[in-house]
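Taking it in order: structure first as structure tokens, then the write-up.
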Amino acid sequence: MTALACSWRSAARTEAGKVRARNEDALLALPEQGLWVVADGMGGHQNGALASRLIIEQLAEPSEGDLSQRLDDLRKRLHGINHHLGQALTVVAGQPEPIIGSTVVALLIEDNRAACVWAGDSRCYLWRSSRLYQLSRDHSLFQQLIDEQQLSPAEAARHPAAHALTRAIGASDELKLEILELDVLPGDAFLLCSDGLYQALSADELSAALNLPSPLLALNRLFQQALDGPARDNISAVVIRR
């Protein structure tokens with residue numbers, strides 16, 4: 001890992017929120033490896049926590065090579081986890097077809113290049129030149145209705161299954177990951193988070209927090225504001241900047 005990659009600083013935090021008894025989210029922050037991950041488990045407390053934890057454990061293992069090689073290795077590991085969750089864990093006594101899955105959003109950085117990989121509705125944001133950009137696109141029925149049927153967000157939200165996921169680790173035999181590669185500029189900051197965070201805060205609130213000078217200050221602001229609200233879901237976030 002180059003010295004430039006190690007110059008990135010980060011802060012990570014996950015909370016159960018005010019309503020959920022347990023936390024099915026999991027996260028990973030390895031600035032020395034240029035890798036950060038948020039996973040939001042689904043399928044009930046045990047199954048969701050199992051899936052998200054498995055993703056984090058597998059991705060925490062060191063990966064060698066340049067950004068392209070590390071990206072390929074990360075993809076292979078996620079496909080392997082998807083197969084494991086979809087095949088080896090589908091037979092549970094009394095539950096012939098349990099749901100065991102998780103969203104994932106991962107950020108890899110090396111030198112002045114970054115790659116975002118995701119499946120599901122956990123998000124990656126970029127804060128650049130005082131503007132907030134959502135790099136990831138939600139894999140949800142809500143987003144699909146907007147993209148394919150040209151519905152407005154208000155119209156799509158009225159669908160009874162609007163927030164159902166269309167992609168996730170463990171959700172189907174064939175995993176389709178989405179990948180975005182980009183150049184990194186001086187002053188850039190990134191936010192990885194589960195839907196429990198961004199659904200609780202406005203884009204302006206996210207942007208204002210990322211404008212703060214350190215990852216920890218930004219993270220504390222985000223959680224203070226999210227926990228001041230209902231916090232009905234688990235909340236997880238990682239803030240990354242130089």
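Residues are referred to by chain and number: the chain letter is A, B, ... according to the order shown in the structure tokens, the number counts from 1 in that chain, and ligands are numbered separately from 1 in the order shown.
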Nearby residues (only C-alpha atoms) at most 9 Å from Arg13 (chain A), same-chain spacing under 5 positions excluded, as a ChimeraX atom specification: /A:27,219-220,223,235-238
Find the residues around Leu78 (chain A) up to 9 Å (only C-alpha atoms counted), leave out those fewer than 4 positions away in its own chain, and share them as an mmCIF file with C-alpha atoms, in the first residue's frame.
```cif
data_model
loop_
_atom_site.group_PDB
_atom_site.id
_atom_site.type_symbol
_atom_site.label_atom_id
_atom_site.label_comp_id
_atom_site.auth_asym_id
_atom_site.auth_seq_id
_atom_site.Cartn_x
_atom_site.Cartn_y
_atom_site.Cartn_z
ATOM 1 C CA ILE A 55 -19.327 -9.968 4.519
ATOM 2 C CA GLN A 58 -14.408 -12.017 4.417
ATOM 3 C CA LEU A 59 -13.533 -8.560 3.108
ATOM 4 C CA ASP A 73 -10.602 -9.876 -5.618
ATOM 5 C CA LEU A 74 -13.332 -7.999 -3.733
ATOM 6 C CA ASN A 82 -23.517 -14.763 -2.193
ATOM 7 C CA HIS A 83 -23.167 -18.425 -3.148
ATOM 8 C CA ILE A 169 -25.892 -10.352 -1.228
ATOM 9 C CA LEU A 175 -25.333 -11.599 -7.895
ATOM 10 C CA LEU A 177 -22.776 -5.882 -8.414
#
```
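Residue neighbourhood of Leu141 (chain A), excluding near-sequence residues (fewer than 6 positions): Ala162, His163, Ala164, Leu165 and Thr166 of chain A, at 7 Å, using only C-alpha atoms.
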Output N, CA and C atoms of each residue in that selection to a file, as a PDB file, in the first residue's frame.
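Final output, saved to out20.pdb:
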```
ATOM      1  N   ALA A 162     -42.441  -0.443  -2.151  1.00  0.00           N
ATOM      2  CA  ALA A 162     -41.489   0.522  -2.722  1.00  0.00           C
ATOM      3  C   ALA A 162     -40.061   0.311  -2.243  1.00  0.00           C
ATOM      4  N   HIS A 163     -39.898  -0.060  -1.003  1.00  0.00           N
ATOM      5  CA  HIS A 163     -38.540  -0.151  -0.461  1.00  0.00           C
ATOM      6  C   HIS A 163     -37.986  -1.576  -0.476  1.00  0.00           C
ATOM      7  N   ALA A 164     -38.645  -2.478  -1.192  1.00  0.00           N
ATOM      8  CA  ALA A 164     -38.097  -3.822  -1.377  1.00  0.00           C
ATOM      9  C   ALA A 164     -36.821  -3.733  -2.207  1.00  0.00           C
ATOM     10  N   LEU A 165     -35.831  -4.534  -1.859  1.00  0.00           N
ATOM     11  CA  LEU A 165     -34.554  -4.514  -2.575  1.00  0.00           C
ATOM     12  C   LEU A 165     -34.642  -5.346  -3.846  1.00  0.00           C
ATOM     13  N   THR A 166     -34.004  -4.869  -4.894  1.00  0.00           N
ATOM     14  CA  THR A 166     -33.925  -5.633  -6.139  1.00  0.00           C
ATOM     15  C   THR A 166     -32.586  -6.351  -6.279  1.00  0.00           C
TER      16      THR A 166
END
```
